[in-house]
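Data from data29.pdb: PDB, C-alpha atoms
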```pdb
ATOM      1  CA  MET A   1      72.581 102.832  88.132  1.00  0.00           C
ATOM      2  CA  ASP A   2      68.962 102.764  87.038  1.00  0.00           C
ATOM      3  CA  LYS A   3      67.336 100.420  89.535  1.00  0.00           C
ATOM      4  CA  GLN A   4      65.210  98.936  86.757  1.00  0.00           C
ATOM      5  CA  ASN A   5      68.211  97.594  84.861  1.00  0.00           C
ATOM      6  CA  ILE A   6      68.407  93.816  84.630  1.00  0.00           C
ATOM      7  CA  ILE A   7      71.958  92.512  84.226  1.00  0.00           C
ATOM      8  CA  LEU A   8      73.220  89.022  83.447  1.00  0.00           C
ATOM      9  CA  ALA A   9      76.897  88.573  84.341  1.00  0.00           C
ATOM     10  CA  VAL A  10      79.157  85.542  83.871  1.00  0.00           C
ATOM     11  CA  GLU A  11      82.582  85.090  85.490  1.00  0.00           C
ATOM     12  CA  ALA A  12      84.580  82.110  84.187  1.00  0.00           C
ATOM     13  CA  SER A  13      88.259  82.968  84.535  1.00  0.00           C
ATOM     14  CA  THR A  14      88.885  79.850  86.646  1.00  0.00           C
ATOM     15  CA  SER A  15      87.227  76.442  86.876  1.00  0.00           C
ATOM     16  CA  CYS A  16      85.157  77.874  89.790  1.00  0.00           C
ATOM     17  CA  TRP A  17      82.725  79.800  87.612  1.00  0.00           C
ATOM     18  CA  SER A  18      79.557  81.705  88.469  1.00  0.00           C
ATOM     19  CA  PHE A  19      76.791  83.802  86.962  1.00  0.00           C
ATOM     20  CA  SER A  20      74.509  86.389  88.503  1.00  0.00           C
ATOM     21  CA  LEU A  21      71.169  87.912  87.544  1.00  0.00           C
ATOM     22  CA  LEU A  22      70.835  91.402  88.995  1.00  0.00           C
ATOM     23  CA  PHE A  23      67.831  93.705  89.240  1.00  0.00           C
ATOM     24  CA  GLY A  24      69.345  97.058  90.059  1.00  0.00           C
ATOM     25  CA  ASN A  25      71.747  96.406  92.935  1.00  0.00           C
ATOM     26  CA  LYS A  26      69.851  93.317  94.081  1.00  0.00           C
ATOM     27  CA  GLN A  27      70.883  89.830  93.038  1.00  0.00           C
ATOM     28  CA  ILE A  28      67.734  87.934  92.128  1.00  0.00           C
ATOM     29  CA  GLY A  29      69.334  84.832  90.655  1.00  0.00           C
ATOM     30  CA  PHE A  30      72.616  82.992  90.956  1.00  0.00           C
ATOM     31  CA  GLY A  31      74.382  79.862  89.787  1.00  0.00           C
ATOM     32  CA  ASN A  32      77.884  78.449  90.010  1.00  0.00           C
ATOM     33  CA  GLY A  33      79.997  75.399  89.282  1.00  0.00           C
ATOM     34  CA  ASP A  34      83.455  73.875  89.384  1.00  0.00           C
ATOM     35  CA  LYS A  35      85.471  71.078  87.782  1.00  0.00           C
ATOM     36  CA  GLN A  36      82.730  68.584  88.688  1.00  0.00           C
ATOM     37  CA  THR A  37      80.076  70.804  87.077  1.00  0.00           C
ATOM     38  CA  PRO A  38      81.923  72.249  84.046  1.00  0.00           C
ATOM     39  CA  LEU A  39      80.832  75.489  82.449  1.00  0.00           C
ATOM     40  CA  SER A  40      80.418  74.026  78.967  1.00  0.00           C
ATOM     41  CA  THR A  41      77.829  71.548  80.238  1.00  0.00           C
ATOM     42  CA  PHE A  42      76.017  73.381  83.016  1.00  0.00           C
ATOM     43  CA  LEU A  43      76.044  77.128  82.248  1.00  0.00           C
ATOM     44  CA  LEU A  44      73.135  77.261  79.792  1.00  0.00           C
ATOM     45  CA  PRO A  45      70.827  74.901  81.760  1.00  0.00           C
ATOM     46  CA  LYS A  46      71.500  76.778  85.008  1.00  0.00           C
ATOM     47  CA  ILE A  47      70.863  80.171  83.413  1.00  0.00           C
ATOM     48  CA  SER A  48      67.631  78.833  81.893  1.00  0.00           C
ATOM     49  CA  SER A  49      66.547  77.535  85.304  1.00  0.00           C
ATOM     50  CA  VAL A  50      67.239  80.865  87.032  1.00  0.00           C
ATOM     51  CA  LEU A  51      65.406  82.805  84.319  1.00  0.00           C
ATOM     52  CA  GLU A  52      62.399  80.510  84.682  1.00  0.00           C
ATOM     53  CA  LYS A  53      62.372  80.822  88.482  1.00  0.00           C
ATOM     54  CA  THR A  54      62.578  84.621  88.328  1.00  0.00           C
ATOM     55  CA  GLY A  55      60.036  84.961  85.540  1.00  0.00           C
ATOM     56  CA  LYS A  56      62.546  86.626  83.216  1.00  0.00           C
ATOM     57  CA  LYS A  57      63.460  86.075  79.588  1.00  0.00           C
ATOM     58  CA  ILE A  58      66.659  86.835  77.701  1.00  0.00           C
ATOM     59  CA  SER A  59      64.811  89.680  75.993  1.00  0.00           C
ATOM     60  CA  ASP A  60      64.253  91.251  79.438  1.00  0.00           C
ATOM     61  CA  ILE A  61      67.994  91.638  80.062  1.00  0.00           C
ATOM     62  CA  ASP A  62      69.173  95.244  79.713  1.00  0.00           C
ATOM     63  CA  LEU A  63      72.905  94.602  79.914  1.00  0.00           C
ATOM     64  CA  PHE A  64      75.183  91.580  79.559  1.00  0.00           C
ATOM     65  CA  ALA A  65      78.537  91.386  81.344  1.00  0.00           C
ATOM     66  CA  VAL A  66      81.353  88.876  81.079  1.00  0.00           C
ATOM     67  CA  SER A  67      84.885  88.438  82.362  1.00  0.00           C
ATOM     68  CA  ILE A  68      87.667  89.051  79.839  1.00  0.00           C
ATOM     69  CA  GLY A  69      90.371  87.420  81.970  1.00  0.00           C
ATOM     70  CA  PRO A  70      93.192  86.844  82.300  1.00  0.00           C
ATOM     71  CA  GLY A  71      92.267  83.258  83.004  1.00  0.00           C
ATOM     72  CA  SER A  72      91.181  79.931  81.613  1.00  0.00           C
ATOM     73  CA  PHE A  73      90.958  80.113  77.827  1.00  0.00           C
ATOM     74  CA  THR A  74      88.237  77.441  77.733  1.00  0.00           C
ATOM     75  CA  GLY A  75      86.158  79.172  80.399  1.00  0.00           C
ATOM     76  CA  LEU A  76      86.557  82.602  78.822  1.00  0.00           C
ATOM     77  CA  ARG A  77      85.768  81.265  75.352  1.00  0.00           C
ATOM     78  CA  VAL A  78      82.586  79.496  76.472  1.00  0.00           C
ATOM     79  CA  ALA A  79      81.367  82.384  78.631  1.00  0.00           C
ATOM     80  CA  ASN A  80      82.049  84.976  75.941  1.00  0.00           C
ATOM     81  CA  SER A  81      80.344  82.864  73.268  1.00  0.00           C
ATOM     82  CA  VAL A  82      77.241  82.392  75.415  1.00  0.00           C
ATOM     83  CA  ILE A  83      77.002  86.060  76.377  1.00  0.00           C
ATOM     84  CA  GLN A  84      77.580  87.245  72.804  1.00  0.00           C
ATOM     85  CA  GLY A  85      74.849  84.888  71.611  1.00  0.00           C
ATOM     86  CA  PHE A  86      72.414  86.191  74.237  1.00  0.00           C
ATOM     87  CA  ALA A  87      73.264  89.834  73.521  1.00  0.00           C
ATOM     88  CA  LYS A  88      72.807  89.392  69.787  1.00  0.00           C
ATOM     89  CA  ALA A  89      69.441  87.691  70.296  1.00  0.00           C
ATOM     90  CA  ALA A  90      68.275  90.400  72.692  1.00  0.00           C
ATOM     91  CA  GLY A  91      69.780  93.272  70.712  1.00  0.00           C
ATOM     92  CA  LYS A  92      71.590  94.540  73.819  1.00  0.00           C
ATOM     93  CA  ARG A  93      75.113  95.657  74.677  1.00  0.00           C
ATOM     94  CA  ILE A  94      77.960  93.752  76.359  1.00  0.00           C
ATOM     95  CA  ILE A  95      80.542  94.994  78.820  1.00  0.00           C
ATOM     96  CA  GLY A  96      83.739  93.024  79.412  1.00  0.00           C
ATOM     97  CA  VAL A  97      85.396  93.356  82.830  1.00  0.00           C
ATOM     98  CA  SER A  98      88.935  92.345  83.800  1.00  0.00           C
ATOM     99  CA  TYR A  99      89.190  89.431  86.236  1.00  0.00           C
ATOM    100  CA  PHE A 100      91.774  91.365  88.254  1.00  0.00           C
ATOM    101  CA  GLU A 101      89.372  94.293  88.568  1.00  0.00           C
ATOM    102  CA  VAL A 102      86.696  91.906  89.858  1.00  0.00           C
ATOM    103  CA  LEU A 103      89.103  90.424  92.422  1.00  0.00           C
ATOM    104  CA  ALA A 104      90.267  93.845  93.592  1.00  0.00           C
ATOM    105  CA  ASN A 105      86.676  94.963  94.136  1.00  0.00           C
ATOM    106  CA  SER A 106      85.792  91.760  96.003  1.00  0.00           C
ATOM    107  CA  TYR A 107      88.233  92.573  98.825  1.00  0.00           C
ATOM    108  CA  VAL A 108      88.030  95.435 101.323  1.00  0.00           C
ATOM    109  CA  PHE A 109      91.310  97.334 101.528  1.00  0.00           C
ATOM    110  CA  GLU A 110      92.690 100.850 101.726  1.00  0.00           C
ATOM    111  CA  GLY A 111      95.848 101.945  99.968  1.00  0.00           C
ATOM    112  CA  ASN A 112      97.669  99.583  97.603  1.00  0.00           C
ATOM    113  CA  ILE A 113      97.353  95.908  96.754  1.00  0.00           C
ATOM    114  CA  CYS A 114      98.775  93.662  94.046  1.00  0.00           C
ATOM    115  CA  VAL A 115      96.339  91.223  92.435  1.00  0.00           C
ATOM    116  CA  PHE A 116      97.792  88.165  90.717  1.00  0.00           C
ATOM    117  CA  THR A 117      97.105  84.746  89.252  1.00  0.00           C
ATOM    118  CA  VAL A 118      99.402  81.899  88.193  1.00  0.00           C
ATOM    119  CA  PHE A 119      99.687  80.633  84.625  1.00  0.00           C
ATOM    120  CA  PRO A 120     101.285  77.433  83.284  1.00  0.00           C
ATOM    121  CA  ALA A 121     105.014  77.092  82.679  1.00  0.00           C
ATOM    122  CA  GLY A 122     105.961  79.089  85.752  1.00  0.00           C
ATOM    123  CA  LYS A 123     104.366  82.379  84.669  1.00  0.00           C
ATOM    124  CA  ILE A 124     102.399  84.853  86.741  1.00  0.00           C
ATOM    125  CA  GLY A 125     100.073  87.691  85.773  1.00  0.00           C
ATOM    126  CA  TRP A 126      99.699  90.666  88.098  1.00  0.00           C
ATOM    127  CA  GLN A 127      98.311  94.178  88.375  1.00  0.00           C
ATOM    128  CA  ASN A 128      98.495  96.845  91.090  1.00  0.00           C
ATOM    129  CA  PHE A 129      95.383  98.568  92.431  1.00  0.00           C
ATOM    130  CA  GLU A 130      94.797 101.551  94.681  1.00  0.00           C
ATOM    131  CA  CYS A 131      91.779 102.157  96.898  1.00  0.00           C
ATOM    132  CA  TYR A 132      91.040 105.545  98.446  1.00  0.00           C
ATOM    133  CA  GLU A 133      87.690 106.469  99.961  1.00  0.00           C
ATOM    134  CA  GLY A 134      86.164 103.280  98.577  1.00  0.00           C
ATOM    135  CA  ILE A 135      87.187 103.918  94.956  1.00  0.00           C
ATOM    136  CA  VAL A 136      89.298 101.110  93.437  1.00  0.00           C
ATOM    137  CA  GLU A 137      91.464 101.884  90.402  1.00  0.00           C
ATOM    138  CA  PHE A 138      94.340 100.062  88.707  1.00  0.00           C
ATOM    139  CA  SER A 139      97.711 101.798  88.721  1.00  0.00           C
ATOM    140  CA  ASN A 140      99.429  99.837  85.927  1.00  0.00           C
ATOM    141  CA  GLU A 141      98.567  97.586  83.010  1.00  0.00           C
ATOM    142  CA  ILE A 142      98.537  93.809  83.484  1.00  0.00           C
ATOM    143  CA  GLN A 143     102.070  92.409  83.601  1.00  0.00           C
ATOM    144  CA  ILE A 144     103.333  88.885  82.856  1.00  0.00           C
ATOM    145  CA  GLU A 145     106.624  87.523  84.230  1.00  0.00           C
ATOM    146  CA  ASN A 146     108.313  84.452  85.707  1.00  0.00           C
ATOM    147  CA  LEU A 147     106.784  83.271  88.961  1.00  0.00           C
ATOM    148  CA  GLY A 148     110.063  83.122  90.872  1.00  0.00           C
ATOM    149  CA  ASN A 149     111.167  86.567  89.736  1.00  0.00           C
ATOM    150  CA  PHE A 150     107.877  88.070  90.848  1.00  0.00           C
ATOM    151  CA  PHE A 151     108.148  86.970  94.473  1.00  0.00           C
ATOM    152  CA  GLN A 152     111.852  87.862  94.658  1.00  0.00           C
ATOM    153  CA  ARG A 153     111.283  91.324  93.231  1.00  0.00           C
ATOM    154  CA  GLN A 154     107.907  92.133  94.760  1.00  0.00           C
ATOM    155  CA  PRO A 155     108.069  94.249  97.945  1.00  0.00           C
ATOM    156  CA  GLN A 156     106.570  92.506 100.967  1.00  0.00           C
ATOM    157  CA  SER A 157     103.288  94.310 100.500  1.00  0.00           C
ATOM    158  CA  GLU A 158      99.801  92.866 100.538  1.00  0.00           C
ATOM    159  CA  LEU A 159      98.989  90.491  97.668  1.00  0.00           C
ATOM    160  CA  LEU A 160      95.571  89.213  96.586  1.00  0.00           C
ATOM    161  CA  THR A 161      94.469  86.212  94.542  1.00  0.00           C
ATOM    162  CA  ASP A 162      91.625  83.687  94.371  1.00  0.00           C
ATOM    163  CA  ILE A 163      91.522  80.546  96.488  1.00  0.00           C
ATOM    164  CA  GLU A 164      92.139  78.249  93.522  1.00  0.00           C
ATOM    165  CA  THR A 165      95.405  80.048  92.727  1.00  0.00           C
ATOM    166  CA  PHE A 166      96.407  80.281  96.390  1.00  0.00           C
ATOM    167  CA  LYS A 167      96.202  76.496  96.766  1.00  0.00           C
ATOM    168  CA  LYS A 168      98.713  76.063  93.909  1.00  0.00           C
ATOM    169  CA  LEU A 169     101.418  78.219  95.497  1.00  0.00           C
ATOM    170  CA  ASP A 170     104.602  76.753  96.946  1.00  0.00           C
ATOM    171  CA  SER A 171     105.070  78.038 100.506  1.00  0.00           C
ATOM    172  CA  ASN A 172     108.849  78.115  99.997  1.00  0.00           C
ATOM    173  CA  LEU A 173     108.380  80.439  97.038  1.00  0.00           C
ATOM    174  CA  ILE A 174     105.989  82.756  98.851  1.00  0.00           C
ATOM    175  CA  GLY A 175     108.410  83.490 101.694  1.00  0.00           C
ATOM    176  CA  LYS A 176     107.164  86.230 104.014  1.00  0.00           C
ATOM    177  CA  HIS A 177     104.718  87.786 101.584  1.00  0.00           C
ATOM    178  CA  LEU A 178     101.253  88.451 102.998  1.00  0.00           C
ATOM    179  CA  ILE A 179      98.801  86.842 100.592  1.00  0.00           C
ATOM    180  CA  ARG A 180      95.042  87.281 100.895  1.00  0.00           C
ATOM    181  CA  SER A 181      92.624  85.081  98.983  1.00  0.00           C
ATOM    182  CA  VAL A 182      88.962  85.431  98.075  1.00  0.00           C
ATOM    183  CA  THR A 183      86.425  82.783  97.176  1.00  0.00           C
ATOM    184  CA  GLU A 184      85.261  82.604  93.568  1.00  0.00           C
ATOM    185  CA  ILE A 185      81.727  81.467  94.525  1.00  0.00           C
ATOM    186  CA  ASN A 186      79.932  84.701  93.579  1.00  0.00           C
ATOM    187  CA  LEU A 187      82.410  86.891  91.744  1.00  0.00           C
ATOM    188  CA  ALA A 188      79.823  87.245  88.963  1.00  0.00           C
ATOM    189  CA  GLY A 189      77.731  89.452  91.247  1.00  0.00           C
ATOM    190  CA  ILE A 190      80.641  91.870  91.638  1.00  0.00           C
ATOM    191  CA  LEU A 191      81.324  91.694  87.899  1.00  0.00           C
ATOM    192  CA  GLY A 192      77.717  92.685  87.209  1.00  0.00           C
ATOM    193  CA  GLN A 193      77.902  95.663  89.568  1.00  0.00           C
ATOM    194  CA  LEU A 194      81.122  96.858  87.929  1.00  0.00           C
ATOM    195  CA  ALA A 195      79.528  96.526  84.494  1.00  0.00           C
ATOM    196  CA  ALA A 196      76.617  98.665  85.677  1.00  0.00           C
ATOM    197  CA  LEU A 197      79.032 101.393  86.773  1.00  0.00           C
ATOM    198  CA  LYS A 198      80.813 101.248  83.419  1.00  0.00           C
ATOM    199  CA  ARG A 199      77.479 101.528  81.652  1.00  0.00           C
ATOM    200  CA  ALA A 200      76.643 104.609  83.715  1.00  0.00           C
ATOM    201  CA  GLU A 201      79.958 106.067  82.529  1.00  0.00           C
ATOM    202  CA  ASP A 202      79.067 105.036  78.962  1.00  0.00           C
ATOM    203  CA  VAL A 203      82.032 102.656  78.747  1.00  0.00           C
ATOM    204  CA  PHE A 204      81.386  99.701  76.437  1.00  0.00           C
ATOM    205  CA  SER A 205      83.678  97.021  75.100  1.00  0.00           C
ATOM    206  CA  ASN A 206      83.629  93.964  72.892  1.00  0.00           C
ATOM    207  CA  PRO A 207      84.821  91.204  75.220  1.00  0.00           C
ATOM    208  CA  ASN A 208      87.652  88.988  74.047  1.00  0.00           C
ATOM    209  CA  PRO A 209      89.535  86.345  76.039  1.00  0.00           C
ATOM    210  CA  LEU A 210      92.918  87.603  77.198  1.00  0.00           C
ATOM    211  CA  TYR A 211      96.303  86.098  77.797  1.00  0.00           C
ATOM    212  CA  PHE A 212      96.902  82.445  78.716  1.00  0.00           C
ATOM    213  CA  SER A 213      94.928  79.296  79.464  1.00  0.00           C
ATOM    214  CA  PHE A 214      95.401  77.397  82.706  1.00  0.00           C
TER     215      PHE A 214
END
```
Could I get this structure in the form of structure tokens?
Amino acid sequence: MDKQNIILAVEASTSCWSFSLLFGNKQIGFGNGDKQTPLSTFLLPKISSVLEKTGKKISDIDLFAVSIGPGSFTGLRVANSVIQGFAKAAGKRIIGVSYFEVLANSYVFEGNICVFTVFPAGKIGWQNFECYEGIVEFSNEIQIENLGNFFQRQPQSELLTDIETFKKLDSNLIGKHLIRSVTEINLAGILGQLAALKRAEDVFSNPNPLYFSF
């Protein structure tokens, strides 16, 4: 990645949202929130504050990145609208990154892992990832199925989710599955780094919210 690139990334797949301002590989600005500081109210003021503190303007941003879920429809809609507005004003490109890809790259593992999140009405979304020599790649498309069926069918291999989802799980349903969880506090930083790699590979996308709302 060109070290001069300035990237603004927003991750809002859950109520624990975050954004990151990156200069090359270095995070120079950061903000986050939760249910008490909702995205719709606090995202724009916090981004404005970070830009002011770092001496940057929206026109200085080289690349915009945003989560495309699966996740909270409200969070994805607000984040995508804000990023699309910024990108249009700055005349720059947007890269959308899967929330599962962000989670998989936030956790250090070797071999295989299944990343998942829980939806309403007893549904679960999941995707398998492989990591060899530090390279993380998905091995299937995102799947949606009944929560109970997933844990009954899923081999007792390592599973990964975010802390917010982990807290919702019924221990009786989980059984003997080994479930790892990661904090959502700064997933936007990882999202931004992934977007930079996709830009280097000349992979661009028009972000659109995916799947279900929480």
Check: Quick one: of A:Lys167, A:Lys26, A:Arg180, A:Lys198, who's nearest to Ser106 of chain A, counting all atoms listed in the file?
Finding: A:Arg180
Check: What do you get, as a PyMOL selection string, if you spell out every residue that the PyMOL selection byres ((chain A and resi 165) around 9) selects here?
Finding: chain A and resi 14+116-118+161-164+166-169+181
Notebook entry, point to check: Given the file above and the PyMOL selection byres ((chain A and resi 41-52) around 9), which residues are selected, and can you give them as an MDAnalysis selection string?
Noted result: chainID A and resid 17:21 28:33 37:40 53:58 79 82
Check: With all atoms listed in the file as the basis for distance, which of A:Asp62, A:Asp170, A:Glu101, A:Glu158 is at the shortest distance from Ser139 of chain A?
Finding: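 Result for the nearest residue to Ser139 of chain A: A:Glu101.
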Next item on the list: Please write the residues picked by the PyMOL selection byres ((chain A and resi 121-125) around 10) on this file as a PyMOL selection string.
Entry: chain A and resi 70-71+100+115-120+126-127+142-151+211-212+214
Writer output for current selection, C-alpha atoms, as a short mmCIF file (atom, residue, chain, number, x, y, z; two decimals), in the frame of the given file:
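After the write, part_37.cif holds the following:
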```
data_model
loop_
_atom_site.label_atom_id
_atom_site.label_comp_id
_atom_site.auth_asym_id
_atom_site.auth_seq_id
_atom_site.Cartn_x
_atom_site.Cartn_y
_atom_site.Cartn_z
CA PRO A 70 93.19 86.84 82.30
CA GLY A 71 92.27 83.26 83.00
CA PHE A 100 91.77 91.36 88.25
CA VAL A 115 96.34 91.22 92.44
CA PHE A 116 97.79 88.16 90.72
CA THR A 117 97.10 84.75 89.25
CA VAL A 118 99.40 81.90 88.19
CA PHE A 119 99.69 80.63 84.62
CA PRO A 120 101.28 77.43 83.28
CA TRP A 126 99.70 90.67 88.10
CA GLN A 127 98.31 94.18 88.38
CA ILE A 142 98.54 93.81 83.48
CA GLN A 143 102.07 92.41 83.60
CA ILE A 144 103.33 88.88 82.86
CA GLU A 145 106.62 87.52 84.23
CA ASN A 146 108.31 84.45 85.71
CA LEU A 147 106.78 83.27 88.96
CA GLY A 148 110.06 83.12 90.87
CA ASN A 149 111.17 86.57 89.74
CA PHE A 150 107.88 88.07 90.85
CA PHE A 151 108.15 86.97 94.47
CA TYR A 211 96.30 86.10 77.80
CA PHE A 212 96.90 82.44 78.72
CA PHE A 214 95.40 77.40 82.71
#
```
Test item: axis-aligned box, all listed atoms of segment 45-53 of chain A, 6 Å on each side, centre and edges in Å rounded to one decimal, as JSON:
```
{"center_x": 66.9, "center_y": 78.9, "center_z": 85.1, "size_x": 21.1, "size_y": 19.9, "size_z": 18.7}
```
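Taking atom CA of Phe23 of chain A and atom CA of Asn5 of chain A as endpoints, the distance between them is 5.9 Å.
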Next item on the list: Report the distance between atom CA of Lys92 of chain A and atom CA of Leu22 of chain A in Å, rounded to one decimal place.
Entry: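 These two atoms are separated by 15.5 Å.
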Notebook entry, point to check: Can you tell me, as JSON, numbers by chain, what residues are no more than 8 Å from Ala9 of chain A when counting only C-alpha atoms, ignoring any on the same chain fewer than 6 positions away?
Noted result: {"A": [19, 20, 21, 64, 65, 66, 188, 189, 191, 192]}
Margin query: One decimal, in Å: what's the spacing between atom CA of Leu159 of chain A and atom CA of Asn105 of chain A?
Written below: 13.6 Å
Check: Of the candidates A:Asn140, A:Gln193, A:Gln27, A:Ser157, which one gets nearest to Ile95 of chain A if we count only C-alpha atoms?
Finding: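 Nearest to Ile95 of chain A: A:Gln193.
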C-alpha atoms of segment 187-199 of chain A from block above, as an mmCIF file, in the first residue's frame:
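Output below, filename selection-v5.cif:
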```cif
data_model
loop_
_atom_site.group_PDB
_atom_site.id
_atom_site.type_symbol
_atom_site.label_atom_id
_atom_site.label_comp_id
_atom_site.auth_asym_id
_atom_site.auth_seq_id
_atom_site.Cartn_x
_atom_site.Cartn_y
_atom_site.Cartn_z
ATOM 1 C CA LEU A 187 -12.654 -3.241 13.897
ATOM 2 C CA ALA A 188 -12.715 -0.203 11.592
ATOM 3 C CA GLY A 189 -8.913 -0.132 11.653
ATOM 4 C CA ILE A 190 -8.788 -3.693 10.322
ATOM 5 C CA LEU A 191 -11.486 -2.864 7.772
ATOM 6 C CA GLY A 192 -9.375 0.035 6.503
ATOM 7 C CA GLN A 193 -6.284 -2.151 6.136
ATOM 8 C CA LEU A 194 -8.268 -4.761 4.202
ATOM 9 C CA ALA A 195 -9.661 -2.055 1.926
ATOM 10 C CA ALA A 196 -6.118 -0.870 1.223
ATOM 11 C CA LEU A 197 -5.122 -4.389 0.172
ATOM 12 C CA LYS A 198 -8.160 -4.637 -2.097
ATOM 13 C CA ARG A 199 -7.262 -1.300 -3.640
#
```
